[in-house]
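**Student:** One structure is given below, represented as structure tokens, and several questions about it will come after.
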Amino acid sequence: MASKKAMLAGRYRLLNPVGHDPAGMAWRAQDELLDRFVTIKRLPPGCPFDAAHSDRVRAKAIRDARVALRLRHPHAVVVHDVFEQDITPYVVTEYLPTRTLAELAGQHGSFPPDHVAALGAQLASALAAAHADGILHRAIGPDKVLLTPDGTAKIADFGLGTGPFPAPEVTGGATAASPSDVFSLGATLYVALEGRPPGADTPPRTGEPVLDAVLELLRREPAARPTMAEAEQMFTGLAVSRPLATISARSPKARTRALVTGTVLVIVLGTAVTTRAALRRHSA
């Protein structure tokens, strides 16, 4: 097991833990070959009582991480390296001083609709590029969305772990596909907009065009959802084409309009793209 100050793969010196989620334990590390900070995530080993299952889990984790090596997008966390040490898989990514959407939502509650539209445009752009390259995320959730101090959103952990918002067809036993990523993104943005996960017994409080777009992503039937590229167009059309106002984090009340002290979401978006009309009510 890796420990503080340990050296991995002959080049990565672990410095300090930076997180632990279902996708694995993570450290900030020094890449001594390229003289840069990186994040190293140790992936779960699988079931210790079932060697065959553990081998399958490990092989899938490495395969998915290597697929993610292909993706280069300003709103996706860059994967630098994938390796095994002592039959444990590790993924090396760019190091970013960030907070997750899950952390910020837990502290501050819901966010202004224009901020959610901008967030949706950024994340959907990365996921649309991934889908165009045949890459699925499979685990989109607030804990996979990283926000930097300058307001850049990045999606992390493609193919790693399990997400909190699987699409209905996935929970029903179907194989994950691009529409299931669309659903999970919609549920993640719903949390940002409403301050809680979507649920039939809790109608949305926000009457905004952004909510209409989010509900489009949450349609029960996969074929009724927009593609990720269409989702990017919808949120781009709804987001402001100017720097967003500075968000104050002075009050942690549930309906505060904060993300993080001093954060400015600087998003310069192109001409709004007209998309199909969003319906106010998604199918049950």
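To be explicit about the labels: the chains of the structure tokens are called A, B, and onward in the order shown, and within each one the residues are counted from 1, while ligands get numbers from 1 in the order they are shown.
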So that I can see what lies close to A:Glu94, please list as a list in words the residues with an atom at most 6 Å from it, counting only C-alpha atoms and leaving out residues fewer than 6 positions away in the same chain.

**Tutor:**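 Neighbouring residues, sequence-local ones excluded: Val38, Thr39 and Val78 of chain A.
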
**Student:** Include C-alpha atoms and write out the residues we just selected as a PDB file, in the first residue's frame.

**Tutor:**
```
ATOM      1  CA  VAL A  38       0.357  15.681 -10.318  1.00  0.00           C
ATOM      2  CA  THR A  39      -2.545  13.902  -8.694  1.00  0.00           C
ATOM      3  CA  VAL A  78      -6.025  15.524 -18.174  1.00  0.00           C
TER       4      VAL A  78
END
```

**Student:** Enumerate the residues of stretch 78-143 of chain A with a DSSP assignment of strand (DSSP E or B), computed from the backbone, and present them as a PDB file with N, CA and C atoms, in the first residue's frame.

**Tutor:**
```
ATOM      1  N   VAL A  79      -5.509  13.154 -18.127  1.00  0.00           N
ATOM      2  CA  VAL A  79      -4.876  11.934 -17.626  1.00  0.00           C
ATOM      3  C   VAL A  79      -3.484  11.850 -18.233  1.00  0.00           C
ATOM      4  N   HIS A  80      -2.446  11.804 -17.378  1.00  0.00           N
ATOM      5  CA  HIS A  80      -1.069  11.762 -17.842  1.00  0.00           C
ATOM      6  C   HIS A  80      -0.530  10.346 -17.988  1.00  0.00           C
ATOM      7  N   ASP A  81      -0.931   9.457 -17.090  1.00  0.00           N
ATOM      8  CA  ASP A  81      -0.275   8.149 -17.035  1.00  0.00           C
ATOM      9  C   ASP A  81      -1.183   7.154 -16.329  1.00  0.00           C
ATOM     10  N   VAL A  82      -0.999   5.883 -16.646  1.00  0.00           N
ATOM     11  CA  VAL A  82      -1.687   4.780 -15.979  1.00  0.00           C
ATOM     12  C   VAL A  82      -0.647   3.689 -15.760  1.00  0.00           C
ATOM     13  N   PHE A  83      -0.584   3.148 -14.534  1.00  0.00           N
ATOM     14  CA  PHE A  83       0.396   2.097 -14.278  1.00  0.00           C
ATOM     15  C   PHE A  83      -0.085   1.201 -13.144  1.00  0.00           C
ATOM     16  N   GLU A  84       0.588   0.062 -13.008  1.00  0.00           N
ATOM     17  CA  GLU A  84       0.334  -0.865 -11.907  1.00  0.00           C
ATOM     18  C   GLU A  84       1.589  -0.991 -11.059  1.00  0.00           C
ATOM     19  N   GLN A  85       1.389  -1.099  -9.757  1.00  0.00           N
ATOM     20  CA  GLN A  85       2.488  -1.400  -8.849  1.00  0.00           C
ATOM     21  C   GLN A  85       1.963  -2.318  -7.756  1.00  0.00           C
ATOM     22  N   THR A  88      -1.630  -3.217  -7.971  1.00  0.00           N
ATOM     23  CA  THR A  88      -2.593  -2.159  -7.696  1.00  0.00           C
ATOM     24  C   THR A  88      -2.532  -1.136  -8.817  1.00  0.00           C
ATOM     25  N   PRO A  89      -3.678  -0.803  -9.422  1.00  0.00           N
ATOM     26  CA  PRO A  89      -3.668   0.194 -10.504  1.00  0.00           C
ATOM     27  C   PRO A  89      -3.679   1.622  -9.969  1.00  0.00           C
ATOM     28  N   TYR A  90      -2.958   2.491 -10.664  1.00  0.00           N
ATOM     29  CA  TYR A  90      -2.902   3.912 -10.339  1.00  0.00           C
ATOM     30  C   TYR A  90      -3.139   4.730 -11.603  1.00  0.00           C
ATOM     31  N   VAL A  91      -3.783   5.887 -11.432  1.00  0.00           N
ATOM     32  CA  VAL A  91      -4.003   6.824 -12.531  1.00  0.00           C
ATOM     33  C   VAL A  91      -3.371   8.151 -12.136  1.00  0.00           C
ATOM     34  N   VAL A  92      -2.594   8.725 -13.048  1.00  0.00           N
ATOM     35  CA  VAL A  92      -1.923  10.000 -12.810  1.00  0.00           C
ATOM     36  C   VAL A  92      -2.602  11.065 -13.656  1.00  0.00           C
ATOM     37  N   THR A  93      -3.059  12.131 -13.005  1.00  0.00           N
ATOM     38  CA  THR A  93      -3.719  13.228 -13.715  1.00  0.00           C
ATOM     39  C   THR A  93      -3.055  14.556 -13.370  1.00  0.00           C
ATOM     40  N   GLU A  94      -3.462  15.592 -14.107  1.00  0.00           N
ATOM     41  CA  GLU A  94      -2.984  16.930 -13.768  1.00  0.00           C
ATOM     42  C   GLU A  94      -3.427  17.281 -12.350  1.00  0.00           C
ATOM     43  N   ARG A  99     -12.102  22.674  -5.725  1.00  0.00           N
ATOM     44  CA  ARG A  99     -13.111  22.097  -4.846  1.00  0.00           C
ATOM     45  C   ARG A  99     -14.140  21.437  -5.733  1.00  0.00           C
ATOM     46  N   THR A 100     -14.767  20.398  -5.219  1.00  0.00           N
ATOM     47  CA  THR A 100     -15.771  19.712  -6.018  1.00  0.00           C
ATOM     48  C   THR A 100     -17.116  20.412  -5.904  1.00  0.00           C
ATOM     49  N   GLY A 109     -25.563  25.273  -0.911  1.00  0.00           N
ATOM     50  CA  GLY A 109     -26.886  25.035  -1.463  1.00  0.00           C
ATOM     51  C   GLY A 109     -26.947  25.285  -2.954  1.00  0.00           C
TER      52      GLY A 109
END
```

**Student:** Rank nothing, just name the residue among A:Pro74, A:Gly19, A:Gly237, A:Gly161 nearest to A:Ala126, using only C-alpha atoms.

**Tutor:**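 The closest residue to A:Ala126 is A:Pro74.
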
**Student:** Pick out each residue of stretch 4-179 of chain A that DSSP on the backbone tags as helix (DSSP H, G or I); I need them as a ChimeraX atom specification.

**Tutor:** /A:51-68,101-108,113-132,142-144,168-171,178-179

**Student:** Show which residues sit within 12 Å of A:Ala68, as a ChimeraX atom specification. Count only C-alpha atoms, and ignore same-chain residues fewer than 4 positions away.

**Tutor:** /A:61-64,72-73,76-82,91-93,126-127,129-131,133-137,155-160

**Student:** What's the separation between atom CA of A:Asp150 and atom CA of A:Gly163, in Å to one decimal place?

**Tutor:**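 Distance between the two atoms: 26.1 Å.
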
**Student:** Could you check which of A:Arg56, A:His108, A:Arg196, A:Arg138 is closest to A:Ala177, using only C-alpha atoms?

**Tutor:**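 For A:Ala177, the nearest of the candidates is A:Arg138.
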
**Student:** I'd like the interatomic distance between atom CA of A:Leu238 and atom CA of A:Ala124, to a tenth of an Å.

**Tutor:**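 These atoms are spaced 13.2 Å apart.
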
**Student:** A:Pro142: which residues within 7 Å, counting only C-alpha atoms, same-chain residues fewer than 6 positions away excluded, as JSON, numbers by chain?

**Tutor:** {"A": [100, 101, 102, 188]}

**Student:** I'd like the neighbourhood of A:Arg225 as JSON, numbers by chain, where a residue qualifies if any of its atoms comes within 9 Å (using only C-alpha atoms), though same-chain residues fewer than 5 positions away should be ignored.

**Tutor:** {"A": [179, 182, 183, 216, 217, 218, 219, 220, 231]}

**Student:** Rank A:Arg42, A:Arg58, A:Arg11, A:Arg66 by their smallest atom-to-atom distance to A:Gln30, using only C-alpha atoms, and report the top residue only.

**Tutor:**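 Among A:Arg42, A:Arg58, A:Arg11, A:Arg66, it is A:Arg11 that comes nearest to A:Gln30.
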
**Student:** Contacts of A:Glu208 at 12 Å or less, counting only C-alpha atoms, minus same-chain residues fewer than 4 places along, as a VMD selection string?

**Tutor:** chain A and resid 112 to 114 116 to 117 190 193 to 194 204 212 to 215 238 278 to 280

**Student:** Can those selected residues be exported to a file as a PDB file, in the first residue's frame so that it contains N, CA and C atoms?

**Tutor:**
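Contents of out39.pdb, freshly written:
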```pdb
ATOM      1  N   PRO A 112     -27.142  30.349  -8.751  1.00  0.00           N
ATOM      2  CA  PRO A 112     -27.966  31.123  -9.683  1.00  0.00           C
ATOM      3  C   PRO A 112     -28.104  30.407 -11.030  1.00  0.00           C
ATOM      4  N   PRO A 113     -29.255  30.536 -11.675  1.00  0.00           N
ATOM      5  CA  PRO A 113     -29.469  29.844 -12.945  1.00  0.00           C
ATOM      6  C   PRO A 113     -28.424  30.154 -14.014  1.00  0.00           C
ATOM      7  N   ASP A 114     -27.957  31.424 -14.101  1.00  0.00           N
ATOM      8  CA  ASP A 114     -26.980  31.723 -15.144  1.00  0.00           C
ATOM      9  C   ASP A 114     -25.654  31.035 -14.885  1.00  0.00           C
ATOM     10  N   VAL A 116     -25.426  28.078 -13.389  1.00  0.00           N
ATOM     11  CA  VAL A 116     -25.670  26.672 -13.721  1.00  0.00           C
ATOM     12  C   VAL A 116     -25.636  26.477 -15.235  1.00  0.00           C
ATOM     13  N   ALA A 117     -26.188  27.444 -15.987  1.00  0.00           N
ATOM     14  CA  ALA A 117     -26.135  27.350 -17.450  1.00  0.00           C
ATOM     15  C   ALA A 117     -24.690  27.352 -17.935  1.00  0.00           C
ATOM     16  N   TYR A 190     -29.108  19.557 -11.853  1.00  0.00           N
ATOM     17  CA  TYR A 190     -30.299  19.761 -11.025  1.00  0.00           C
ATOM     18  C   TYR A 190     -29.887  20.030  -9.577  1.00  0.00           C
ATOM     19  N   LEU A 193     -28.704  23.538  -9.337  1.00  0.00           N
ATOM     20  CA  LEU A 193     -29.778  24.515  -9.497  1.00  0.00           C
ATOM     21  C   LEU A 193     -30.763  24.519  -8.339  1.00  0.00           C
ATOM     22  N   GLU A 194     -31.097  23.321  -7.846  1.00  0.00           N
ATOM     23  CA  GLU A 194     -32.144  23.188  -6.835  1.00  0.00           C
ATOM     24  C   GLU A 194     -31.617  22.916  -5.423  1.00  0.00           C
ATOM     25  N   PRO A 204     -39.571  20.900  -8.555  1.00  0.00           N
ATOM     26  CA  PRO A 204     -38.541  21.951  -8.576  1.00  0.00           C
ATOM     27  C   PRO A 204     -39.083  23.284  -8.110  1.00  0.00           C
ATOM     28  N   ASP A 212     -35.812  24.139 -17.527  1.00  0.00           N
ATOM     29  CA  ASP A 212     -36.404  23.441 -18.664  1.00  0.00           C
ATOM     30  C   ASP A 212     -35.352  22.599 -19.387  1.00  0.00           C
ATOM     31  N   ALA A 213     -34.165  23.187 -19.580  1.00  0.00           N
ATOM     32  CA  ALA A 213     -33.091  22.466 -20.263  1.00  0.00           C
ATOM     33  C   ALA A 213     -32.623  21.269 -19.437  1.00  0.00           C
ATOM     34  N   VAL A 214     -32.485  21.467 -18.133  1.00  0.00           N
ATOM     35  CA  VAL A 214     -32.062  20.370 -17.254  1.00  0.00           C
ATOM     36  C   VAL A 214     -33.070  19.228 -17.303  1.00  0.00           C
ATOM     37  N   LEU A 215     -34.355  19.557 -17.286  1.00  0.00           N
ATOM     38  CA  LEU A 215     -35.384  18.520 -17.318  1.00  0.00           C
ATOM     39  C   LEU A 215     -35.391  17.754 -18.640  1.00  0.00           C
ATOM     40  N   LEU A 238     -28.212  29.566 -23.233  1.00  0.00           N
ATOM     41  CA  LEU A 238     -28.808  30.123 -22.018  1.00  0.00           C
ATOM     42  C   LEU A 238     -27.814  30.890 -21.154  1.00  0.00           C
ATOM     43  N   ALA A 278     -37.606  23.466 -25.061  1.00  0.00           N
ATOM     44  CA  ALA A 278     -37.552  22.637 -23.858  1.00  0.00           C
ATOM     45  C   ALA A 278     -38.925  22.595 -23.220  1.00  0.00           C
ATOM     46  N   LEU A 279     -39.315  21.433 -22.738  1.00  0.00           N
ATOM     47  CA  LEU A 279     -40.607  21.268 -22.095  1.00  0.00           C
ATOM     48  C   LEU A 279     -40.461  21.487 -20.602  1.00  0.00           C
ATOM     49  N   ARG A 280     -41.505  22.085 -20.034  1.00  0.00           N
ATOM     50  CA  ARG A 280     -41.434  22.360 -18.609  1.00  0.00           C
ATOM     51  C   ARG A 280     -41.571  21.124 -17.749  1.00  0.00           C
TER      52      ARG A 280
END
```

**Student:** So what do you get for atom CA of A:Asp86 versus atom CA of A:Leu43, distance-wise?

**Tutor:**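 Between atom CA of A:Asp86 and atom CA of A:Leu43 the gap is 12.4 Å.
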
**Student:** Out of A:Ile140, A:Leu33, A:Ala118, A:Ala6, which residue has the shortest atom-to-atom distance to A:Phe235 when counting only C-alpha atoms?

**Tutor:** A:Ala118
